[in-house]
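Trainee: Have a peek at model_27.cif (mmCIF, N, CA and C atoms).
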data_query
loop_
_atom_site.label_atom_id
_atom_site.label_comp_id
_atom_site.auth_asym_id
_atom_site.auth_seq_id
_atom_site.Cartn_x
_atom_site.Cartn_y
_atom_site.Cartn_z
N GLU A 1 6.44 52.04 -1.18
CA GLU A 1 5.73 52.34 0.04
C GLU A 1 4.42 51.55 0.07
N ILE A 2 4.10 51.00 1.21
CA ILE A 2 2.88 50.19 1.38
C ILE A 2 1.72 51.11 1.74
N ASP A 3 0.62 50.89 1.06
CA ASP A 3 -0.59 51.65 1.35
C ASP A 3 -1.12 51.21 2.72
N PRO A 4 -1.31 52.15 3.66
CA PRO A 4 -1.75 51.77 5.02
C PRO A 4 -3.11 51.08 5.07
N ARG A 5 -3.93 51.26 4.03
CA ARG A 5 -5.24 50.61 4.02
C ARG A 5 -5.12 49.12 3.72
N VAL A 6 -3.98 48.70 3.19
CA VAL A 6 -3.78 47.30 2.83
C VAL A 6 -3.21 46.50 4.00
N VAL A 7 -2.54 47.14 4.92
CA VAL A 7 -1.87 46.45 6.03
C VAL A 7 -2.82 45.56 6.84
N PRO A 8 -4.03 45.99 7.19
CA PRO A 8 -4.91 45.07 7.93
C PRO A 8 -5.22 43.78 7.20
N LEU A 9 -5.15 43.78 5.89
CA LEU A 9 -5.39 42.55 5.14
C LEU A 9 -4.41 41.46 5.50
N TYR A 10 -3.17 41.82 5.77
CA TYR A 10 -2.17 40.83 6.18
C TYR A 10 -2.58 40.18 7.49
N PHE A 11 -3.07 40.97 8.41
CA PHE A 11 -3.53 40.43 9.70
C PHE A 11 -4.78 39.58 9.53
N ILE A 12 -5.68 40.01 8.68
CA ILE A 12 -6.93 39.28 8.47
C ILE A 12 -6.65 37.90 7.90
N VAL A 13 -5.82 37.83 6.88
CA VAL A 13 -5.53 36.54 6.26
C VAL A 13 -4.76 35.64 7.23
N THR A 14 -3.80 36.20 7.96
CA THR A 14 -3.02 35.41 8.91
C THR A 14 -3.87 34.90 10.05
N LEU A 15 -4.67 35.76 10.65
CA LEU A 15 -5.52 35.34 11.76
C LEU A 15 -6.61 34.38 11.31
N SER A 16 -7.11 34.57 10.11
CA SER A 16 -8.12 33.66 9.60
C SER A 16 -7.54 32.28 9.33
N THR A 17 -6.27 32.23 8.97
CA THR A 17 -5.62 30.95 8.72
C THR A 17 -5.55 30.13 10.00
N ILE A 18 -5.44 30.78 11.14
CA ILE A 18 -5.45 30.08 12.42
C ILE A 18 -6.78 29.35 12.60
N ALA A 19 -7.84 29.90 12.04
CA ALA A 19 -9.16 29.28 12.15
C ALA A 19 -9.24 27.96 11.40
N THR A 20 -8.30 27.69 10.50
CA THR A 20 -8.31 26.42 9.79
C THR A 20 -7.90 25.26 10.69
N LEU A 21 -7.46 25.55 11.90
CA LEU A 21 -7.10 24.50 12.84
C LEU A 21 -8.33 23.86 13.49
N SER A 22 -9.51 24.24 13.03
CA SER A 22 -10.74 23.68 13.57
C SER A 22 -10.89 22.23 13.11
N PRO A 23 -11.79 21.47 13.73
CA PRO A 23 -11.93 20.06 13.37
C PRO A 23 -12.64 19.81 12.03
N THR A 24 -13.05 20.85 11.34
CA THR A 24 -13.67 20.64 10.03
C THR A 24 -12.59 20.50 8.97
N PRO A 25 -12.84 19.74 7.91
CA PRO A 25 -11.81 19.56 6.87
C PRO A 25 -11.42 20.88 6.21
N GLY A 26 -10.16 21.21 6.28
CA GLY A 26 -9.66 22.44 5.68
C GLY A 26 -10.15 23.70 6.37
N GLY A 27 -10.73 23.56 7.54
CA GLY A 27 -11.25 24.73 8.25
C GLY A 27 -12.46 25.33 7.56
N SER A 28 -13.15 24.53 6.76
CA SER A 28 -14.32 25.03 6.03
C SER A 28 -15.36 25.55 7.01
N GLY A 29 -15.80 26.73 6.76
CA GLY A 29 -16.81 27.36 7.62
C GLY A 29 -16.17 28.25 8.67
N THR A 30 -15.21 27.72 9.41
CA THR A 30 -14.58 28.55 10.45
C THR A 30 -13.67 29.61 9.84
N TYR A 31 -12.99 29.26 8.75
CA TYR A 31 -12.15 30.25 8.07
C TYR A 31 -13.00 31.40 7.56
N GLU A 32 -14.09 31.06 6.90
CA GLU A 32 -14.95 32.09 6.34
C GLU A 32 -15.55 32.97 7.43
N ALA A 33 -15.94 32.35 8.54
CA ALA A 33 -16.50 33.12 9.66
C ALA A 33 -15.46 34.06 10.25
N ALA A 34 -14.26 33.55 10.49
CA ALA A 34 -13.20 34.39 11.06
C ALA A 34 -12.82 35.52 10.10
N PHE A 35 -12.68 35.20 8.83
CA PHE A 35 -12.35 36.20 7.82
C PHE A 35 -13.41 37.30 7.79
N SER A 36 -14.68 36.90 7.84
CA SER A 36 -15.78 37.87 7.78
C SER A 36 -15.79 38.78 9.00
N VAL A 37 -15.63 38.19 10.17
CA VAL A 37 -15.64 39.00 11.39
C VAL A 37 -14.47 39.97 11.41
N LEU A 38 -13.29 39.50 11.03
CA LEU A 38 -12.13 40.37 11.01
C LEU A 38 -12.26 41.48 9.98
N MET A 39 -12.88 41.17 8.84
CA MET A 39 -13.11 42.22 7.84
C MET A 39 -14.02 43.32 8.38
N THR A 40 -15.05 42.92 9.13
CA THR A 40 -15.97 43.93 9.67
C THR A 40 -15.29 44.75 10.78
N LEU A 41 -14.31 44.14 11.46
CA LEU A 41 -13.60 44.87 12.51
C LEU A 41 -12.58 45.86 11.94
N PHE A 42 -11.83 45.45 10.93
CA PHE A 42 -10.77 46.30 10.39
C PHE A 42 -11.26 47.28 9.33
N TYR A 43 -12.31 46.93 8.62
CA TYR A 43 -12.84 47.79 7.57
C TYR A 43 -14.32 48.06 7.84
N SER A 44 -14.82 49.12 7.31
CA SER A 44 -16.24 49.45 7.53
C SER A 44 -17.09 48.83 6.43
N VAL A 45 -17.20 47.51 6.48
CA VAL A 45 -18.06 46.79 5.54
C VAL A 45 -19.09 46.01 6.33
N ASP A 46 -20.24 45.77 5.72
CA ASP A 46 -21.25 45.00 6.43
C ASP A 46 -20.90 43.51 6.35
N LEU A 47 -21.53 42.72 7.18
CA LEU A 47 -21.22 41.31 7.31
C LEU A 47 -21.47 40.54 6.02
N ALA A 48 -22.53 40.87 5.31
CA ALA A 48 -22.86 40.17 4.06
C ALA A 48 -21.75 40.36 3.02
N THR A 49 -21.24 41.58 2.91
CA THR A 49 -20.15 41.85 1.97
C THR A 49 -18.88 41.13 2.39
N ALA A 50 -18.59 41.13 3.68
CA ALA A 50 -17.40 40.45 4.17
C ALA A 50 -17.50 38.94 3.96
N LEU A 51 -18.67 38.38 4.18
CA LEU A 51 -18.85 36.95 3.97
C LEU A 51 -18.73 36.59 2.49
N SER A 52 -19.26 37.44 1.63
CA SER A 52 -19.11 37.23 0.18
C SER A 52 -17.65 37.25 -0.23
N ALA A 53 -16.89 38.20 0.32
CA ALA A 53 -15.46 38.28 0.02
C ALA A 53 -14.73 37.04 0.53
N ALA A 54 -15.10 36.55 1.70
CA ALA A 54 -14.46 35.36 2.26
C ALA A 54 -14.73 34.13 1.41
N VAL A 55 -15.96 33.97 0.98
CA VAL A 55 -16.31 32.81 0.16
C VAL A 55 -15.62 32.89 -1.20
N LEU A 56 -15.59 34.07 -1.81
CA LEU A 56 -14.91 34.22 -3.09
C LEU A 56 -13.41 33.97 -2.95
N PHE A 57 -12.83 34.43 -1.84
CA PHE A 57 -11.40 34.19 -1.59
C PHE A 57 -11.12 32.70 -1.51
N ARG A 58 -11.95 31.97 -0.78
CA ARG A 58 -11.76 30.52 -0.64
C ARG A 58 -12.02 29.78 -1.95
N LEU A 59 -13.02 30.24 -2.71
CA LEU A 59 -13.31 29.60 -3.99
C LEU A 59 -12.15 29.73 -4.98
N THR A 60 -11.39 30.79 -4.85
CA THR A 60 -10.28 31.00 -5.79
C THR A 60 -8.94 30.50 -5.26
N THR A 61 -8.81 30.25 -3.97
CA THR A 61 -7.51 29.83 -3.44
C THR A 61 -7.49 28.41 -2.91
N TYR A 62 -8.56 27.94 -2.33
CA TYR A 62 -8.56 26.63 -1.67
C TYR A 62 -9.22 25.53 -2.51
N TRP A 63 -10.40 25.80 -3.00
CA TRP A 63 -11.17 24.76 -3.68
C TRP A 63 -10.60 24.31 -5.02
N PRO A 64 -9.95 25.15 -5.82
CA PRO A 64 -9.35 24.63 -7.06
C PRO A 64 -8.33 23.51 -6.80
N GLY A 65 -7.57 23.62 -5.75
CA GLY A 65 -6.61 22.58 -5.41
C GLY A 65 -7.29 21.27 -5.03
N ILE A 66 -8.43 21.37 -4.36
CA ILE A 66 -9.20 20.18 -4.00
C ILE A 66 -9.72 19.49 -5.27
N VAL A 67 -10.22 20.28 -6.20
CA VAL A 67 -10.76 19.72 -7.44
C VAL A 67 -9.64 19.05 -8.25
N VAL A 68 -8.50 19.71 -8.38
CA VAL A 68 -7.38 19.14 -9.13
C VAL A 68 -6.90 17.86 -8.45
N GLY A 69 -6.81 17.86 -7.14
CA GLY A 69 -6.41 16.66 -6.42
C GLY A 69 -7.38 15.51 -6.60
N PHE A 70 -8.65 15.80 -6.60
CA PHE A 70 -9.67 14.76 -6.77
C PHE A 70 -9.60 14.16 -8.17
N VAL A 71 -9.45 15.01 -9.18
CA VAL A 71 -9.33 14.53 -10.55
C VAL A 71 -8.06 13.69 -10.71
N SER A 72 -6.97 14.12 -10.09
CA SER A 72 -5.72 13.35 -10.13
C SER A 72 -5.91 12.00 -9.47
N PHE A 73 -6.59 11.98 -8.35
CA PHE A 73 -6.86 10.73 -7.64
C PHE A 73 -7.65 9.77 -8.52
N LEU A 74 -8.68 10.27 -9.17
CA LEU A 74 -9.48 9.43 -10.05
C LEU A 74 -8.66 8.89 -11.21
N THR A 75 -7.81 9.73 -11.77
CA THR A 75 -6.96 9.31 -12.89
C THR A 75 -5.98 8.23 -12.44
N LEU A 76 -5.32 8.45 -11.31
CA LEU A 76 -4.35 7.47 -10.81
C LEU A 76 -5.04 6.17 -10.44
N ASP A 77 -6.21 6.28 -9.85
CA ASP A 77 -6.95 5.09 -9.44
C ASP A 77 -7.35 4.26 -10.66
N SER A 78 -7.79 4.90 -11.72
CA SER A 78 -8.20 4.17 -12.91
C SER A 78 -6.99 3.56 -13.61
N GLN A 79 -5.86 4.24 -13.60
CA GLN A 79 -4.63 3.68 -14.19
C GLN A 79 -4.15 2.48 -13.39
N ASP A 80 -4.26 2.56 -12.08
CA ASP A 80 -3.86 1.45 -11.21
C ASP A 80 -4.72 0.22 -11.47
N ALA A 81 -6.01 0.42 -11.60
CA ALA A 81 -6.93 -0.69 -11.87
C ALA A 81 -6.64 -1.29 -13.25
N GLU A 82 -6.33 -0.46 -14.21
CA GLU A 82 -6.01 -0.94 -15.56
C GLU A 82 -4.71 -1.77 -15.54
N ASP A 83 -3.73 -1.34 -14.79
CA ASP A 83 -2.48 -2.09 -14.67
C ASP A 83 -2.71 -3.46 -14.03
N GLU A 84 -3.57 -3.49 -13.01
CA GLU A 84 -3.88 -4.76 -12.35
C GLU A 84 -4.58 -5.73 -13.31
N ARG A 85 -5.51 -5.21 -14.12
CA ARG A 85 -6.20 -6.05 -15.09
C ARG A 85 -5.25 -6.62 -16.13
N SER A 86 -4.30 -5.79 -16.60
CA SER A 86 -3.36 -6.26 -17.61
C SER A 86 -2.40 -7.30 -17.04
N GLN A 87 -2.05 -7.18 -15.76
CA GLN A 87 -1.18 -8.17 -15.12
C GLN A 87 -1.93 -9.49 -14.93
N GLN A 88 -3.19 -9.44 -14.66
CA GLN A 88 -3.97 -10.65 -14.47
C GLN A 88 -4.14 -11.40 -15.79
N LEU A 89 -4.22 -10.67 -16.89
CA LEU A 89 -4.38 -11.30 -18.20
C LEU A 89 -3.08 -11.96 -18.68
N ASP A 90 -1.94 -11.48 -18.19
CA ASP A 90 -0.65 -12.04 -18.61
C ASP A 90 -0.36 -13.30 -17.90
#
Take the structure in the file and write it out as structure tokens.

Mentor:
Amino acid sequence: EIDPRVVPLYFIVTLSTIATLSPTPGGSGTYEAAFSVLMTLFYSVDLATALSAAVLFRLTTYWPGIVVGFVSFLTLDSQDAEDERSQQLD
């Protein structure tokens, strides 16, 4: 059985995801704003707490992928440059 207090969370995350369609990269800023406003509407929390929850949610779900992708890009780029140098020496 699903706890009825958890059901609004499904709507909050889904509706906040629509905010990522904004012109900012990854919906940064608009997602957090939408998530915060929806949290204050569905639950009795103040805006500061809702904003903190939104930022923590994004820090744990969105930004780690960006960091891993950036590190992968740097690694691939350095390997590509190394391959080009070795081909030039041959």

Trainee: Write out as a short mmCIF file (atom, residue, chain, number, x, y, z; two decimals) with N, CA and C atoms, in the coordinates of the input all residues of chain A that DSSP puts in helix (DSSP H, G or I) for this structure's backbone.

Mentor:
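Final file, part-v3.cif:
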data_model
loop_
_atom_site.label_atom_id
_atom_site.label_comp_id
_atom_site.auth_asym_id
_atom_site.auth_seq_id
_atom_site.Cartn_x
_atom_site.Cartn_y
_atom_site.Cartn_z
N VAL A 7 -2.54 47.14 4.92
CA VAL A 7 -1.87 46.45 6.03
C VAL A 7 -2.82 45.56 6.84
N PRO A 8 -4.03 45.99 7.19
CA PRO A 8 -4.91 45.07 7.93
C PRO A 8 -5.22 43.78 7.20
N LEU A 9 -5.15 43.78 5.89
CA LEU A 9 -5.39 42.55 5.14
C LEU A 9 -4.41 41.46 5.50
N TYR A 10 -3.17 41.82 5.77
CA TYR A 10 -2.17 40.83 6.18
C TYR A 10 -2.58 40.18 7.49
N PHE A 11 -3.07 40.97 8.41
CA PHE A 11 -3.53 40.43 9.70
C PHE A 11 -4.78 39.58 9.53
N ILE A 12 -5.68 40.01 8.68
CA ILE A 12 -6.93 39.28 8.47
C ILE A 12 -6.65 37.90 7.90
N VAL A 13 -5.82 37.83 6.88
CA VAL A 13 -5.53 36.54 6.26
C VAL A 13 -4.76 35.64 7.23
N THR A 14 -3.80 36.20 7.96
CA THR A 14 -3.02 35.41 8.91
C THR A 14 -3.87 34.90 10.05
N LEU A 15 -4.67 35.76 10.65
CA LEU A 15 -5.52 35.34 11.76
C LEU A 15 -6.61 34.38 11.31
N SER A 16 -7.11 34.57 10.11
CA SER A 16 -8.12 33.66 9.60
C SER A 16 -7.54 32.28 9.33
N THR A 17 -6.27 32.23 8.97
CA THR A 17 -5.62 30.95 8.72
C THR A 17 -5.55 30.13 10.00
N ILE A 18 -5.44 30.78 11.14
CA ILE A 18 -5.45 30.08 12.42
C ILE A 18 -6.78 29.35 12.60
N ALA A 19 -7.84 29.90 12.04
CA ALA A 19 -9.16 29.28 12.15
C ALA A 19 -9.24 27.96 11.40
N THR A 20 -8.30 27.69 10.50
CA THR A 20 -8.31 26.42 9.79
C THR A 20 -7.90 25.26 10.69
N LEU A 21 -7.46 25.55 11.90
CA LEU A 21 -7.10 24.50 12.84
C LEU A 21 -8.33 23.86 13.49
N PRO A 25 -12.84 19.74 7.91
CA PRO A 25 -11.81 19.56 6.87
C PRO A 25 -11.42 20.88 6.21
N GLY A 26 -10.16 21.21 6.28
CA GLY A 26 -9.66 22.44 5.68
C GLY A 26 -10.15 23.70 6.37
N GLY A 27 -10.73 23.56 7.54
CA GLY A 27 -11.25 24.73 8.25
C GLY A 27 -12.46 25.33 7.56
N THR A 30 -15.21 27.72 9.41
CA THR A 30 -14.58 28.55 10.45
C THR A 30 -13.67 29.61 9.84
N TYR A 31 -12.99 29.26 8.75
CA TYR A 31 -12.15 30.25 8.07
C TYR A 31 -13.00 31.40 7.56
N GLU A 32 -14.09 31.06 6.90
CA GLU A 32 -14.95 32.09 6.34
C GLU A 32 -15.55 32.97 7.43
N ALA A 33 -15.94 32.35 8.54
CA ALA A 33 -16.50 33.12 9.66
C ALA A 33 -15.46 34.06 10.25
N ALA A 34 -14.26 33.55 10.49
CA ALA A 34 -13.20 34.39 11.06
C ALA A 34 -12.82 35.52 10.10
N PHE A 35 -12.68 35.20 8.83
CA PHE A 35 -12.35 36.20 7.82
C PHE A 35 -13.41 37.30 7.79
N SER A 36 -14.68 36.90 7.84
CA SER A 36 -15.78 37.87 7.78
C SER A 36 -15.79 38.78 9.00
N VAL A 37 -15.63 38.19 10.17
CA VAL A 37 -15.64 39.00 11.39
C VAL A 37 -14.47 39.97 11.41
N LEU A 38 -13.29 39.50 11.03
CA LEU A 38 -12.13 40.37 11.01
C LEU A 38 -12.26 41.48 9.98
N MET A 39 -12.88 41.17 8.84
CA MET A 39 -13.11 42.22 7.84
C MET A 39 -14.02 43.32 8.38
N THR A 40 -15.05 42.92 9.13
CA THR A 40 -15.97 43.93 9.67
C THR A 40 -15.29 44.75 10.78
N LEU A 41 -14.31 44.14 11.46
CA LEU A 41 -13.60 44.87 12.51
C LEU A 41 -12.58 45.86 11.94
N PHE A 42 -11.83 45.45 10.93
CA PHE A 42 -10.77 46.30 10.39
C PHE A 42 -11.26 47.28 9.33
N LEU A 47 -21.53 42.72 7.18
CA LEU A 47 -21.22 41.31 7.31
C LEU A 47 -21.47 40.54 6.02
N ALA A 48 -22.53 40.87 5.31
CA ALA A 48 -22.86 40.17 4.06
C ALA A 48 -21.75 40.36 3.02
N THR A 49 -21.24 41.58 2.91
CA THR A 49 -20.15 41.85 1.97
C THR A 49 -18.88 41.13 2.39
N ALA A 50 -18.59 41.13 3.68
CA ALA A 50 -17.40 40.45 4.17
C ALA A 50 -17.50 38.94 3.96
N LEU A 51 -18.67 38.38 4.18
CA LEU A 51 -18.85 36.95 3.97
C LEU A 51 -18.73 36.59 2.49
N SER A 52 -19.26 37.44 1.63
CA SER A 52 -19.11 37.23 0.18
C SER A 52 -17.65 37.25 -0.23
N ALA A 53 -16.89 38.20 0.32
CA ALA A 53 -15.46 38.28 0.02
C ALA A 53 -14.73 37.04 0.53
N ALA A 54 -15.10 36.55 1.70
CA ALA A 54 -14.46 35.36 2.26
C ALA A 54 -14.73 34.13 1.41
N VAL A 55 -15.96 33.97 0.98
CA VAL A 55 -16.31 32.81 0.16
C VAL A 55 -15.62 32.89 -1.20
N LEU A 56 -15.59 34.07 -1.81
CA LEU A 56 -14.91 34.22 -3.09
C LEU A 56 -13.41 33.97 -2.95
N PHE A 57 -12.83 34.43 -1.84
CA PHE A 57 -11.40 34.19 -1.59
C PHE A 57 -11.12 32.70 -1.51
N ARG A 58 -11.95 31.97 -0.78
CA ARG A 58 -11.76 30.52 -0.64
C ARG A 58 -12.02 29.78 -1.95
N LEU A 59 -13.02 30.24 -2.71
CA LEU A 59 -13.31 29.60 -3.99
C LEU A 59 -12.15 29.73 -4.98
N THR A 60 -11.39 30.79 -4.85
CA THR A 60 -10.28 31.00 -5.79
C THR A 60 -8.94 30.50 -5.26
N THR A 61 -8.81 30.25 -3.97
CA THR A 61 -7.51 29.83 -3.44
C THR A 61 -7.49 28.41 -2.91
N TRP A 63 -10.40 25.80 -3.00
CA TRP A 63 -11.17 24.76 -3.68
C TRP A 63 -10.60 24.31 -5.02
N PRO A 64 -9.95 25.15 -5.82
CA PRO A 64 -9.35 24.63 -7.06
C PRO A 64 -8.33 23.51 -6.80
N GLY A 65 -7.57 23.62 -5.75
CA GLY A 65 -6.61 22.58 -5.41
C GLY A 65 -7.29 21.27 -5.03
N ILE A 66 -8.43 21.37 -4.36
CA ILE A 66 -9.20 20.18 -4.00
C ILE A 66 -9.72 19.49 -5.27
N VAL A 67 -10.22 20.28 -6.20
CA VAL A 67 -10.76 19.72 -7.44
C VAL A 67 -9.64 19.05 -8.25
N VAL A 68 -8.50 19.71 -8.38
CA VAL A 68 -7.38 19.14 -9.13
C VAL A 68 -6.90 17.86 -8.45
N GLY A 69 -6.81 17.86 -7.14
CA GLY A 69 -6.41 16.66 -6.42
C GLY A 69 -7.38 15.51 -6.60
N PHE A 70 -8.65 15.80 -6.60
CA PHE A 70 -9.67 14.76 -6.77
C PHE A 70 -9.60 14.16 -8.17
N VAL A 71 -9.45 15.01 -9.18
CA VAL A 71 -9.33 14.53 -10.55
C VAL A 71 -8.06 13.69 -10.71
N SER A 72 -6.97 14.12 -10.09
CA SER A 72 -5.72 13.35 -10.13
C SER A 72 -5.91 12.00 -9.47
N PHE A 73 -6.59 11.98 -8.35
CA PHE A 73 -6.86 10.73 -7.64
C PHE A 73 -7.65 9.77 -8.52
N LEU A 74 -8.68 10.27 -9.17
CA LEU A 74 -9.48 9.43 -10.05
C LEU A 74 -8.66 8.89 -11.21
N THR A 75 -7.81 9.73 -11.77
CA THR A 75 -6.96 9.31 -12.89
C THR A 75 -5.98 8.23 -12.44
N LEU A 76 -5.32 8.45 -11.31
CA LEU A 76 -4.35 7.47 -10.81
C LEU A 76 -5.04 6.17 -10.44
N ASP A 77 -6.21 6.28 -9.85
CA ASP A 77 -6.95 5.09 -9.44
C ASP A 77 -7.35 4.26 -10.66
N SER A 78 -7.79 4.90 -11.72
CA SER A 78 -8.20 4.17 -12.91
C SER A 78 -6.99 3.56 -13.61
N GLN A 79 -5.86 4.24 -13.60
CA GLN A 79 -4.63 3.68 -14.19
C GLN A 79 -4.15 2.48 -13.39
N ASP A 80 -4.26 2.56 -12.08
CA ASP A 80 -3.86 1.45 -11.21
C ASP A 80 -4.72 0.22 -11.47
N ALA A 81 -6.01 0.42 -11.60
CA ALA A 81 -6.93 -0.69 -11.87
C ALA A 81 -6.64 -1.29 -13.25
N GLU A 82 -6.33 -0.46 -14.21
CA GLU A 82 -6.01 -0.94 -15.56
C GLU A 82 -4.71 -1.77 -15.54
N ASP A 83 -3.73 -1.34 -14.79
CA ASP A 83 -2.48 -2.09 -14.67
C ASP A 83 -2.71 -3.46 -14.03
N GLU A 84 -3.57 -3.49 -13.01
CA GLU A 84 -3.88 -4.76 -12.35
C GLU A 84 -4.58 -5.73 -13.31
N ARG A 85 -5.51 -5.21 -14.12
CA ARG A 85 -6.20 -6.05 -15.09
C ARG A 85 -5.25 -6.62 -16.13
N SER A 86 -4.30 -5.79 -16.60
CA SER A 86 -3.36 -6.26 -17.61
C SER A 86 -2.40 -7.30 -17.04
N GLN A 87 -2.05 -7.18 -15.76
CA GLN A 87 -1.18 -8.17 -15.12
C GLN A 87 -1.93 -9.49 -14.93
N GLN A 88 -3.19 -9.44 -14.66
CA GLN A 88 -3.97 -10.65 -14.47
C GLN A 88 -4.14 -11.40 -15.79
N LEU A 89 -4.22 -10.67 -16.89
CA LEU A 89 -4.38 -11.30 -18.20
C LEU A 89 -3.08 -11.96 -18.68
#

Trainee: Could you list, as a PyMOL selection string, every residue within 8 Å of segment 39-45 of chain A, counting all atoms listed in the file and ignoring same-chain residues fewer than 6 positions away?

Mentor: chain A and resi 8-9+12+33+51

Trainee: Provide the atom CA of Tyr31 of chain A to atom N of Tyr10 of chain A distance in Å, to one decimal place.

Mentor: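 Here the two named atoms are 14.8 Å from each other.
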
Trainee: Using only C-alpha atoms, pick whichever of A:Ala34, A:Val7, A:Gln87, A:Ala48 has the shortest atom-to-atom distance to Ala19 of chain A.

Mentor: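 When distances to Ala19 of chain A are compared using only C-alpha atoms, the smallest one comes from A:Ala34.
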
Trainee: List the neighbours of Ala54 of chain A out to 6 Å using only N, CA and C atoms; skip same-chain residues closer than 5 positions along the sequence, and give me the result as a ChimeraX atom specification.

Mentor: /A:32,35-36,49,59

Trainee: Grab the atom CA of Ser16 of chain A to atom CA of Phe73 of chain A distance for me, in Å with one decimal place.

Mentor: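 Interatomic distance, atom CA of Ser16 of chain A to atom CA of Phe73 of chain A: 28.7 Å.
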
Trainee: Interatomic distance between atom CA of Gly29 of chain A and atom CA of Thr17 of chain A?

Mentor: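 Distance reported for this atom pair: 11.8 Å.
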
Trainee: For segment 77-83 of chain A, take all atoms listed in the file, fit an axis-aligned box around them, add 4 Å to each of the six sides, then output centre and edge lengths in Å rounded to one decimal, as JSON.

Mentor:
{"center_x": -5.3, "center_y": 1.4, "center_z": -12.5, "size_x": 13.7, "size_y": 17.7, "size_z": 14.1}

Trainee: Provide segment 48-53 of chain A rebuilt to all heavy atoms, formatted as a PDB file, keeping the file's coordinate frame.

Mentor:
ATOM      1  N   ALA A  48     -22.530  40.870   5.310  1.00  0.00           N
ATOM      2  CA  ALA A  48     -22.860  40.170   4.060  1.00  0.00           C
ATOM      3  C   ALA A  48     -21.750  40.360   3.020  1.00  0.00           C
ATOM      4  O   ALA A  48     -21.352  39.419   2.330  1.00  0.00           O
ATOM      5  CB  ALA A  48     -24.192  40.645   3.511  1.00  0.00           C
ATOM      6  N   THR A  49     -21.240  41.580   2.910  1.00  0.00           N
ATOM      7  CA  THR A  49     -20.150  41.850   1.970  1.00  0.00           C
ATOM      8  C   THR A  49     -18.880  41.130   2.390  1.00  0.00           C
ATOM      9  O   THR A  49     -18.183  40.551   1.547  1.00  0.00           O
ATOM     10  CB  THR A  49     -19.892  43.367   1.887  1.00  0.00           C
ATOM     11  OG1 THR A  49     -21.102  44.026   1.527  1.00  0.00           O
ATOM     12  CG2 THR A  49     -18.812  43.693   0.887  1.00  0.00           C
ATOM     13  N   ALA A  50     -18.590  41.130   3.680  1.00  0.00           N
ATOM     14  CA  ALA A  50     -17.400  40.450   4.170  1.00  0.00           C
ATOM     15  C   ALA A  50     -17.500  38.940   3.960  1.00  0.00           C
ATOM     16  O   ALA A  50     -16.517  38.292   3.573  1.00  0.00           O
ATOM     17  CB  ALA A  50     -17.203  40.760   5.654  1.00  0.00           C
ATOM     18  N   LEU A  51     -18.670  38.380   4.180  1.00  0.00           N
ATOM     19  CA  LEU A  51     -18.850  36.950   3.970  1.00  0.00           C
ATOM     20  C   LEU A  51     -18.730  36.590   2.490  1.00  0.00           C
ATOM     21  O   LEU A  51     -18.118  35.577   2.133  1.00  0.00           O
ATOM     22  CB  LEU A  51     -20.209  36.505   4.501  1.00  0.00           C
ATOM     23  CG  LEU A  51     -20.493  35.007   4.454  1.00  0.00           C
ATOM     24  CD1 LEU A  51     -19.442  34.235   5.241  1.00  0.00           C
ATOM     25  CD2 LEU A  51     -21.871  34.724   5.005  1.00  0.00           C
ATOM     26  N   SER A  52     -19.260  37.440   1.630  1.00  0.00           N
ATOM     27  CA  SER A  52     -19.110  37.230   0.180  1.00  0.00           C
ATOM     28  C   SER A  52     -17.650  37.250  -0.230  1.00  0.00           C
ATOM     29  O   SER A  52     -17.193  36.422  -1.015  1.00  0.00           O
ATOM     30  CB  SER A  52     -19.873  38.292  -0.603  1.00  0.00           C
ATOM     31  OG  SER A  52     -21.241  38.216  -0.323  1.00  0.00           O
ATOM     32  N   ALA A  53     -16.890  38.200   0.320  1.00  0.00           N
ATOM     33  CA  ALA A  53     -15.460  38.280   0.020  1.00  0.00           C
ATOM     34  C   ALA A  53     -14.730  37.040   0.530  1.00  0.00           C
ATOM     35  O   ALA A  53     -13.847  36.507  -0.160  1.00  0.00           O
ATOM     36  CB  ALA A  53     -14.866  39.537   0.648  1.00  0.00           C
TER      37      ALA A  53
END
